[in-house]
$ cat model_37.txt   # compact mmCIF, C-alpha atoms
# COMPACT_ATOMS: atom_id res chain seq x y z
CA MET W 1 -14.26 38.38 162.15
CA ALA W 2 -16.43 40.75 160.22
CA ASP W 3 -15.01 43.72 161.97
CA SER W 4 -13.12 44.41 165.10
CA ALA W 5 -15.00 46.73 167.39
CA ASP W 6 -14.69 47.19 171.11
CA SER W 7 -17.69 46.97 173.37
CA ALA W 8 -17.78 50.74 173.71
CA GLU W 9 -18.20 51.18 169.98
CA ILE W 10 -20.97 48.58 169.99
CA ALA W 11 -22.75 50.25 172.89
CA ARG W 12 -22.62 53.62 171.15
CA ALA W 13 -23.89 52.07 167.91
CA LEU W 14 -26.84 50.53 169.80
CA LEU W 15 -27.65 53.91 171.25
CA THR W 16 -27.56 55.55 167.81
CA ALA W 17 -29.78 52.82 166.38
CA ALA W 18 -32.34 53.29 169.14
CA ARG W 19 -32.37 57.07 168.84
CA GLU W 20 -31.85 57.88 165.18
CA GLY W 21 -31.70 54.63 163.25
CA PRO W 22 -31.08 52.98 160.89
CA ALA W 23 -32.36 49.79 162.45
CA VAL W 24 -29.85 47.19 163.51
CA ALA W 25 -30.22 43.53 164.49
CA SER W 26 -28.21 43.08 167.66
CA CYS W 27 -27.04 39.46 167.82
CA THR W 28 -25.64 38.30 171.16
CA VAL W 29 -24.19 34.91 172.04
CA MET W 30 -26.05 33.84 175.16
CA GLY W 31 -25.08 30.25 175.51
CA ALA W 32 -23.93 27.06 173.84
CA THR W 33 -23.90 23.35 174.49
CA ALA W 34 -20.75 21.95 176.10
CA GLY W 35 -17.78 21.69 173.78
CA VAL W 36 -18.79 24.53 171.47
CA GLU W 37 -16.19 27.28 171.56
CA VAL W 38 -17.97 30.61 171.79
CA SER W 39 -17.52 33.72 173.82
CA LEU W 40 -20.52 34.39 176.05
CA GLY W 41 -21.81 37.90 175.50
CA ALA W 42 -20.04 38.38 172.16
CA LYS W 43 -22.09 40.73 170.03
CA MET W 44 -22.49 41.48 166.37
CA LEU W 45 -24.62 44.31 165.05
CA VAL W 46 -26.12 43.53 161.66
CA TYR W 47 -27.14 46.46 159.49
CA GLU W 48 -28.79 46.24 156.10
CA ASP W 49 -25.42 46.68 154.38
CA ARG W 50 -22.71 45.90 156.94
CA THR W 51 -21.88 44.41 160.29
CA LEU W 52 -20.11 45.72 163.36
CA GLY W 53 -18.38 43.55 165.93
CA GLY W 54 -18.44 39.80 165.67
CA ILE W 55 -19.29 36.52 167.33
CA GLY W 56 -16.16 34.57 166.46
CA GLY W 57 -16.14 34.53 162.68
CA GLY W 58 -16.58 31.50 160.47
CA PRO W 59 -19.80 29.99 159.20
CA LEU W 60 -21.65 30.67 162.48
CA GLU W 61 -21.07 34.39 162.16
CA ALA W 62 -22.00 34.34 158.47
CA GLY W 63 -25.21 32.41 159.14
CA VAL W 64 -26.24 34.67 162.01
CA ALA W 65 -25.49 37.77 159.95
CA GLU W 66 -27.73 36.54 157.18
CA PHE W 67 -30.50 35.71 159.64
CA GLY W 68 -30.10 39.10 161.34
CA ARG W 69 -30.49 40.91 158.05
CA GLY W 70 -33.73 39.03 157.43
CA ALA W 71 -34.92 39.94 160.94
CA LEU W 72 -34.76 43.70 160.28
CA PRO W 73 -38.06 44.14 158.39
CA LYS W 74 -39.82 41.86 160.90
CA HIS W 75 -38.76 43.89 163.98
CA LEU W 76 -37.83 40.53 165.45
CA VAL W 77 -36.92 40.09 169.10
CA GLN W 78 -36.23 36.42 169.69
CA THR W 79 -33.76 33.92 171.04
CA CYS W 80 -32.71 31.57 168.27
CA ALA W 81 -30.76 28.33 168.17
CA PHE W 82 -28.07 27.86 165.54
CA SER W 83 -25.85 24.93 164.71
CA PRO W 84 -22.15 25.77 165.14
CA ASP W 85 -21.91 25.97 161.34
CA GLY W 86 -24.49 28.72 161.21
CA ASN W 87 -27.78 27.04 160.34
CA LEU W 88 -30.93 28.09 162.17
CA ILE W 89 -32.50 25.21 164.11
CA GLU W 90 -36.25 25.62 164.50
CA GLY W 91 -38.71 23.87 166.76
CA ARG W 92 -38.30 22.41 170.19
CA ARG W 93 -37.79 18.85 169.00
CA ALA W 94 -35.08 19.75 166.52
CA ILE W 95 -33.33 21.84 169.17
CA GLU W 96 -33.46 19.04 171.71
CA ALA W 97 -32.24 16.53 169.14
CA ALA W 98 -29.30 18.66 167.99
CA ASP W 99 -25.80 17.62 169.09
CA ALA W 100 -24.56 21.14 169.44
CA ILE W 101 -26.30 24.48 169.46
CA VAL W 102 -25.39 28.09 170.00
CA GLU W 103 -28.08 30.34 171.45
CA ILE W 104 -28.27 33.81 170.01
CA LEU W 105 -30.53 36.65 171.12
CA VAL W 106 -31.53 38.45 167.96
CA GLU W 107 -33.06 41.80 168.73
CA VAL W 108 -33.91 44.52 166.26
CA VAL W 109 -33.08 47.88 167.79
CA GLU W 110 -34.60 50.89 166.08
CA PRO W 111 -36.21 54.24 166.89
CA ALA W 112 -39.85 54.37 167.89
CA SER W 113 -42.07 53.84 164.88
CA THR W 114 -43.97 56.81 163.55
CA LEU W 115 -47.75 56.92 163.30
CA LEU W 116 -48.73 59.50 160.71
CA VAL W 117 -52.42 60.31 160.99
CA VAL W 118 -53.93 62.19 158.07
CA GLY W 119 -57.02 63.95 159.38
CA GLY W 120 -57.52 65.38 162.86
CA GLY W 121 -61.23 64.52 163.23
CA HIS W 122 -62.78 62.22 165.83
CA VAL W 123 -61.20 59.08 164.39
CA GLY W 124 -57.79 60.70 163.89
CA LEU W 125 -57.88 61.97 167.47
CA ALA W 126 -58.55 58.48 168.84
CA VAL W 127 -56.09 56.72 166.51
CA GLY W 128 -53.34 59.14 167.60
CA GLN W 129 -54.15 58.63 171.26
CA LEU W 130 -53.91 54.86 171.03
CA GLY W 131 -50.71 55.11 168.96
CA ALA W 132 -49.14 57.31 171.63
CA MET W 133 -50.17 54.78 174.25
CA LEU W 134 -48.38 52.08 172.25
CA GLY W 135 -45.17 54.12 172.28
CA MET W 136 -45.32 55.36 168.71
CA GLU W 137 -44.22 58.86 167.70
CA VAL W 138 -47.49 60.40 166.59
CA ALA W 139 -47.86 63.06 163.90
CA ILE W 140 -51.25 64.44 162.88
CA ILE W 141 -51.94 66.49 159.78
CA ASP W 142 -55.02 68.52 158.94
CA ASP W 143 -55.61 71.65 156.87
CA ARG W 144 -58.31 73.03 159.17
CA GLU W 145 -56.94 75.03 162.07
CA GLU W 146 -59.57 73.88 164.54
CA TYR W 147 -58.68 70.25 163.81
CA ALA W 148 -54.95 70.85 163.85
CA SER W 149 -54.46 72.78 167.05
CA PRO W 150 -52.15 71.25 169.66
CA GLU W 151 -54.76 71.78 172.43
CA ARG W 152 -57.06 69.34 170.65
CA PHE W 153 -54.64 66.47 171.31
CA PRO W 154 -54.14 65.71 175.02
CA TYR W 155 -51.13 63.49 174.34
CA GLU W 156 -47.68 63.85 172.85
CA ALA W 157 -48.06 64.49 169.15
CA GLN W 158 -46.55 66.59 166.40
CA VAL W 159 -49.53 68.53 165.08
CA ILE W 160 -49.14 69.88 161.57
CA CYS W 161 -51.55 72.40 160.07
CA GLY W 162 -51.18 72.98 156.36
CA ASP W 163 -51.91 71.83 152.85
CA PHE W 164 -52.15 68.01 152.85
CA ALA W 165 -50.12 67.38 149.69
CA GLU W 166 -47.38 69.86 150.60
CA GLU W 167 -47.01 68.67 154.19
CA LEU W 168 -47.09 64.99 153.24
CA GLU W 169 -44.44 65.48 150.58
CA ARG W 170 -42.21 67.10 153.16
CA PHE W 171 -42.83 64.46 155.84
CA PRO W 172 -40.07 61.84 156.10
CA ILE W 173 -41.44 58.34 155.42
CA THR W 174 -39.53 55.12 156.09
CA ALA W 175 -40.34 51.44 156.48
CA ASN W 176 -40.94 52.31 160.12
CA THR W 177 -43.71 54.82 159.30
CA TYR W 178 -47.33 53.73 159.66
CA ILE W 179 -49.81 55.93 157.82
CA VAL W 180 -53.51 56.14 158.60
CA LEU W 181 -55.73 58.06 156.21
CA VAL W 182 -58.84 59.21 158.07
CA SER W 183 -59.47 62.67 156.70
CA ARG W 184 -62.81 64.40 156.31
CA GLY W 185 -63.52 62.92 152.89
CA HIS W 186 -62.39 60.48 150.26
CA LYS W 187 -61.15 63.29 148.00
CA VAL W 188 -58.58 64.29 150.58
CA ASP W 189 -57.76 60.64 151.30
CA GLU W 190 -57.19 60.09 147.58
CA LEU W 191 -54.88 63.07 147.35
CA ALA W 192 -52.99 61.91 150.45
CA LEU W 193 -52.73 58.35 149.19
CA ARG W 194 -51.35 59.56 145.90
CA THR W 195 -48.63 61.41 147.79
CA VAL W 196 -47.59 58.53 150.06
CA ALA W 197 -48.40 55.31 148.16
CA GLU W 198 -45.01 54.80 146.51
CA ARG W 199 -42.75 55.87 149.38
CA GLY W 200 -42.11 52.58 151.15
CA ALA W 201 -44.12 53.12 154.35
CA GLY W 202 -44.46 50.09 156.64
CA TYR W 203 -48.23 50.39 156.48
CA VAL W 204 -50.77 52.53 154.67
CA GLY W 205 -54.43 52.21 155.63
CA MET W 206 -57.38 54.22 154.35
CA ILE W 207 -60.82 54.49 155.89
CA GLY W 208 -63.99 54.20 153.84
CA SER W 209 -66.63 51.82 152.54
CA LYS W 210 -65.65 49.02 150.16
CA ARG W 211 -67.23 50.86 147.25
CA ARG W 212 -65.64 54.25 148.00
CA THR W 213 -62.19 52.86 148.61
CA ARG W 214 -62.32 50.79 145.44
CA THR W 215 -63.14 53.94 143.47
CA VAL W 216 -60.17 55.74 145.01
CA LEU W 217 -57.79 52.89 144.12
CA GLN W 218 -59.21 52.80 140.59
CA HIS W 219 -58.63 56.54 140.14
CA LEU W 220 -55.06 56.30 141.33
CA ALA W 221 -54.30 53.27 139.16
CA GLU W 222 -55.60 55.20 136.16
CA ALA W 223 -53.46 58.14 137.20
CA GLY W 224 -50.40 55.90 136.96
CA VAL W 225 -49.72 55.06 140.61
CA ASP W 226 -47.94 51.70 140.87
CA ARG W 227 -50.55 48.92 141.09
CA ASP W 228 -48.48 46.72 143.38
CA GLU W 229 -48.19 49.59 145.84
CA LEU W 230 -51.94 50.20 145.66
CA ASP W 231 -52.50 46.50 146.31
CA ARG W 232 -50.60 46.87 149.55
CA VAL W 233 -52.93 49.55 150.91
CA PHE W 234 -55.14 48.34 153.76
CA THR W 235 -58.54 49.60 152.74
CA PRO W 236 -61.16 49.53 154.09
CA ILE W 237 -58.98 50.00 157.13
CA GLY W 238 -58.82 47.92 160.31
CA LEU W 239 -59.57 44.49 161.69
CA ASP W 240 -63.14 43.22 161.55
CA ILE W 241 -64.16 43.52 165.21
CA GLY W 242 -67.45 45.30 164.62
CA ALA W 243 -66.00 48.65 165.67
CA GLU W 244 -68.53 51.52 165.74
CA THR W 245 -67.25 54.47 167.77
CA PRO W 246 -64.08 56.43 166.92
CA GLU W 247 -62.32 54.81 169.86
CA GLU W 248 -63.34 51.32 168.76
CA ILE W 249 -62.22 52.10 165.23
CA ALA W 250 -58.88 53.18 166.67
CA VAL W 251 -58.53 49.78 168.38
CA SER W 252 -59.37 48.07 165.10
CA VAL W 253 -56.80 50.17 163.19
CA LEU W 254 -53.98 49.82 165.72
CA GLY W 255 -54.81 46.12 165.98
CA GLU W 256 -54.18 45.86 162.27
CA ILE W 257 -50.93 47.81 162.60
CA ILE W 258 -49.69 45.49 165.35
CA LEU W 259 -50.66 42.54 163.17
CA VAL W 260 -48.61 43.92 160.27
CA ARG W 261 -45.69 44.68 162.54
CA ARG W 262 -45.56 41.54 164.59
CA GLY W 263 -47.44 38.97 162.54
CA GLY W 264 -50.15 36.82 164.04
CA GLY W 265 -53.37 35.10 163.22
CA ALA W 266 -55.88 37.85 164.11
CA GLN W 267 -58.22 35.33 165.68
CA PRO W 268 -59.36 34.92 169.28
CA MET W 269 -56.71 33.01 171.22
CA SER W 270 -59.40 30.95 172.93
CA GLU W 271 -60.67 27.67 171.60
CA HIS W 272 -64.34 28.61 172.00
CA GLY W 273 -65.40 25.75 174.22
CA ARG W 274 -63.49 23.15 172.22
CA PHE W 275 -61.49 22.28 175.31
CA LEU W 276 -64.53 21.25 177.33
CA ALA W 277 -66.01 19.46 174.33
CA SER W 278 -62.86 17.35 174.05
CA GLN W 279 -63.10 16.45 177.74
CA ARG W 280 -66.57 14.97 177.28
CA ARG W 281 -65.43 12.44 174.71
CA MET X 1 -41.78 48.65 170.82
CA PRO X 2 -38.84 50.77 171.89
CA HIS X 3 -37.13 51.15 175.24
CA ASP X 4 -36.58 54.89 175.19
CA GLU X 5 -36.08 55.33 178.92
CA VAL X 6 -33.49 52.59 179.06
CA TYR X 7 -31.46 53.95 176.15
CA GLU X 8 -31.80 57.47 177.51
CA ALA X 9 -30.36 56.35 180.83
CA MET X 10 -27.60 54.45 179.05
CA SER X 11 -26.66 57.57 177.17
CA ASP X 12 -26.60 59.67 180.34
CA ALA X 13 -24.40 57.11 182.09
CA PHE X 14 -21.99 56.99 179.15
CA ASP X 15 -21.81 60.79 179.08
CA GLY X 16 -20.58 60.60 182.65
CA GLY X 17 -18.11 57.84 181.74
CA ALA X 18 -19.89 55.24 183.84
CA PRO X 19 -20.63 51.65 182.82
CA VAL X 20 -24.11 50.15 183.08
CA ALA X 21 -25.47 46.65 183.37
CA LEU X 22 -28.21 45.75 180.95
CA ALA X 23 -30.61 42.92 181.71
CA THR X 24 -32.66 41.68 178.75
CA VAL X 25 -35.36 39.04 178.87
CA ALA X 26 -34.03 36.42 176.46
CA GLN X 27 -36.67 33.77 176.69
CA THR X 28 -39.91 33.11 178.49
CA LEU X 29 -41.81 29.93 179.12
CA GLY X 30 -45.39 29.94 180.37
CA SER X 31 -47.00 32.95 181.98
CA THR X 32 -44.43 35.68 182.68
CA PRO X 33 -44.86 39.36 183.48
CA ARG X 34 -42.77 40.61 180.54
CA LYS X 35 -41.82 39.12 177.22
CA THR X 36 -38.58 38.67 175.29
CA GLY X 37 -36.70 41.92 174.80
CA ALA X 38 -37.92 43.62 177.99
CA LYS X 39 -35.05 45.52 179.58
CA MET X 40 -33.77 46.83 182.86
CA LEU X 41 -30.69 48.99 183.13
CA VAL X 42 -28.78 49.08 186.41
CA ARG X 43 -26.31 51.82 187.32
CA GLU X 44 -23.26 51.45 189.53
CA ASP X 45 -25.08 53.09 192.46
CA GLY X 46 -27.77 50.42 192.24
CA SER X 47 -30.47 52.65 190.82
CA PHE X 48 -32.28 51.25 187.81
CA VAL X 49 -34.50 52.15 184.87
CA GLY X 50 -37.01 49.95 183.09
CA THR X 51 -38.45 46.70 184.29
CA ILE X 52 -38.27 43.02 183.52
CA GLY X 53 -41.36 42.37 185.60
CA GLY X 54 -41.52 44.08 188.95
CA GLY X 55 -41.51 41.88 192.04
CA CYS X 56 -41.37 38.67 190.04
CA GLY X 57 -37.68 37.89 190.21
CA GLU X 58 -36.48 41.42 189.65
CA ALA X 59 -34.47 41.56 192.85
CA GLU X 60 -32.52 38.47 191.82
CA VAL X 61 -31.74 40.00 188.45
CA TRP X 62 -30.75 43.30 190.05
CA GLN X 63 -28.20 41.47 192.21
CA GLU X 64 -26.77 39.69 189.16
CA ALA X 65 -26.56 43.03 187.37
CA MET X 66 -24.60 44.51 190.26
CA ASP X 67 -22.26 41.51 190.13
CA ALA X 68 -21.83 41.91 186.37
CA LEU X 69 -20.91 45.57 186.87
CA ASP X 70 -18.29 44.34 189.29
CA ASP X 71 -16.70 41.49 187.35
CA GLY X 72 -17.62 42.40 183.76
CA GLU X 73 -18.84 38.87 182.99
CA ALA X 74 -21.93 38.39 180.88
CA ARG X 75 -24.30 35.85 182.37
CA MET X 76 -27.65 34.16 181.99
CA VAL X 77 -30.02 34.23 184.93
CA THR X 78 -32.97 31.88 185.13
CA VAL X 79 -35.90 33.11 187.19
CA ASP X 80 -38.36 30.42 188.08
CA LEU X 81 -41.82 31.74 188.85
CA THR X 82 -43.49 28.35 188.98
CA GLU X 83 -43.24 27.87 192.72
CA PRO X 84 -46.54 27.33 194.53
CA VAL X 85 -48.67 30.36 195.13
CA ASP X 86 -48.38 31.26 198.78
CA GLY X 87 -49.68 34.79 198.82
CA GLU X 88 -46.24 36.15 198.05
CA ASP X 89 -44.87 37.79 194.95
CA LYS X 90 -44.40 34.96 192.55
CA ILE X 91 -47.84 34.45 191.10
CA CYS X 92 -46.83 34.52 187.48
CA GLY X 93 -46.24 30.82 186.91
CA GLY X 94 -43.59 30.85 184.20
CA ILE X 95 -39.86 30.73 183.70
CA MET X 96 -37.78 33.63 182.41
CA ARG X 97 -34.21 33.54 181.20
CA ILE X 98 -32.56 36.88 181.45
CA PHE X 99 -29.26 37.87 179.88
CA VAL X 100 -27.19 40.28 181.95
CA GLU X 101 -24.19 42.14 180.51
CA ARG X 102 -22.00 45.11 181.30
CA LEU X 103 -21.81 47.87 178.71
CA GLU X 104 -19.54 50.89 178.74
CA SER X 105 -18.77 53.75 176.46
$ encode --input "model_37.txt" --output "structure tokens"
Amino acid sequence: MADSADSAEIARALLTAAREGPAVASCTVMGATAGVEVSLGAKMLVYEDRTLGGIGGGPLEAGVAEFGRGALPKHLVQTCAFSPDGNLIEGRRAIEAADAIVEILVEVVEPASTLLVVGGGHVGLAVGQLGAMLGMEVAIIDDREEYASPERFPYEAQVICGDFAEELERFPITANTYIVLVSRGHKVDELALRTVAERGAGYVGMIGSKRRTRTVLQHLAEAGVDRDELDRVFTPIGLDIGAETPEEIAVSVLGEIILVRRGGGAQPMSEHGRFLASQRR
Amino acid sequence: MPHDEVYEAMSDAFDGGAPVALATVAQTLGSTPRKTGAKMLVREDGSFVGTIGGGCGEAEVWQEAMDALDDGEARMVTVDLTEPVDGEDKICGGIMRIFVERLES
């Protein structure tokens, strides 16, 4: 076993992960085919650098631990099938064909993600509102008092009024922080991007036209900001859904954030009449 | 996204030294009201926090959670929502597998 921990210790660790982090992949044995010796409900918590608890040791535990570690950056919540020697079995056919499988619920438990909105204007207001609706911890920064007053935001948000560079430097940024740059102008966005670009945020998006945003990236590259980090910035921001109003732009931006977080194809789910066309053949 | 209420309630229960039963949607097939990871926490007095999908099978899961609190056994509950629509609750049309376990501090 990786570690001996009683269920109380595991429960407390789950609670800590959900409230304060760091993120943990909770791996629970939920079932197995007949003849496979496992303990139903056994749980192993997989952190970036260690594990707590165990699911019976051996190659199964090692394989699940490795998978759990890989699940952390994906925020995965999924039931997975493993062979008793710890290999992931993917796809319905392979699972049905396997002689023996162990079912594991792999669930990343972590604090609410943070949505850091730089700029409290119309777009920032709407982006924050939608983020709050999605259960994110919203923080909004602006240097103008009228755009950074708590009364302006009729939802739960940490409203910060102050110098952009100073406040952003002070703001804690992790892989679970999603940053949206929608300030009053590209000069401020550039300054903000310079401050946050190399700090490992889960997402950085910046509003602006193709031409403007390219100029900003060019400036920062010349100023020595890491080019790979700049390449990861989503700019112009948002999914292409023809958004016009601040609220529509917010949907486009949060849509992009969900896409980054969960993965997906960003296409309509429908088949656009292809179903009926196939019936006519 | 997170399950703040559920973890909050878990913490409160633990502070009072009480165990809880946690029901987590493990797998869904077809159209179901909630997806994998949705949670409901059940206290010893039968009160609960969070939802795994309202009327659709929740009562069954609640009963299993109460049983798990009693006997401490983890279990998998399958809720079949594919029965014919008859104007009653089960209009969702999918199958959910829900893992129920007892946790204590």
$ atom_distance --input "model_37.txt" --atom1 "atom CA of W:Leu181" --atom2 "atom CA of W:Val216"
12.3 Å
$ closest_residue --input "model_37.txt" --among "X:Arg102, X:Arg75, X:Arg43, X:Arg34" --to "X:Glu58" --atoms "all atoms listed in the file"
X:Arg34
$ interface_residues --input "model_37.txt" --of "chain W" --to "chain X" --cutoff "12 Å" --atoms "all atoms listed in the file" --output "PyMOL selection string"
chain W and resi 6-21+23+26-32+39-43+75-81+103-114+131-137+176+258+261-262
$ residues_around --input "model_37.txt" --residues "W:Tyr203" --least-positions-apart "3" --cutoff "12 Å" --atoms "only C-alpha atoms" --output "PyMOL selection string"
chain W and resi 113-117+173-181+193+196-200+206+229-235+237-238+253-254+256-261
$ closest_residue --input "model_37.txt" --among "X:Leu29, X:Val49, X:Leu41, X:Ala65" --to "X:Arg97" --atoms "all atoms listed in the file"
X:Leu29
$ residues_around --input "model_37.txt" --residues "W:His186" --least-positions-apart "3" --cutoff "8 Å" --atoms "only C-alpha atoms" --output "mmCIF file with C-alpha atoms, keeping the file's coordinate frame"
data_model
loop_
_atom_site.group_PDB
_atom_site.id
_atom_site.type_symbol
_atom_site.label_atom_id
_atom_site.label_comp_id
_atom_site.auth_asym_id
_atom_site.auth_seq_id
_atom_site.Cartn_x
_atom_site.Cartn_y
_atom_site.Cartn_z
ATOM 1 C CA SER W 183 -59.470 62.670 156.700
ATOM 2 C CA ASP W 189 -57.760 60.640 151.300
ATOM 3 C CA GLU W 190 -57.190 60.090 147.580
ATOM 4 C CA GLY W 208 -63.990 54.200 153.840
ATOM 5 C CA ARG W 212 -65.640 54.250 148.000
ATOM 6 C CA THR W 213 -62.190 52.860 148.610
ATOM 7 C CA VAL W 216 -60.170 55.740 145.010
#
$ atom_distance --input "model_37.txt" --atom1 "atom CA of X:Pro33" --atom2 "atom CA of X:Gly53"
5.1 Å
$ residues_around --input "model_37.txt" --residues "W:Ile141" --least-positions-apart "4" --cutoff "12 Å" --atoms "all atoms listed in the file" --output "PyMOL selection string"
chain W and resi 115-121+124-125+128+145-150+153+157-171+179-184+188-189+192
$ residues_around --input "model_37.txt" --residues "X:Thr82" --least-positions-apart "2" --cutoff "6 Å" --atoms "only C-alpha atoms" --output "CSV table (one decimal) with C-alpha atoms, in the coordinates of the input"
chain,number,residue,atom,x,y,z
X,80,ASP,CA,-38.4,30.4,188.1
X,93,GLY,CA,-46.2,30.8,186.9
X,94,GLY,CA,-43.6,30.8,184.2
$ atom_distance --input "model_37.txt" --atom1 "atom CA of X:Asp67" --atom2 "atom CA of X:Glu44"
10.0 Å
$ closest_residue --input "model_37.txt" --among "X:Met40, X:Val61, X:Met96, X:Ile52" --to "X:Val20" --atoms "only C-alpha atoms"
X:Met40
$ closest_residue --input "model_37.txt" --among "X:Glu64, X:Asp71, X:Asp45, X:Glu5" --to "X:Ala23" --atoms "all atoms listed in the file"
X:Glu64
$ axis_aligned_box --input "model_37.txt" --around "stretch 41-58 of chain X" --padding-each-side "6 Å" --output "AutoDock Vina command-line options"
--center_x -32.4 --center_y 45.5 --center_z 187.8 --size_x 30.3 --size_y 27.2 --size_z 21.4
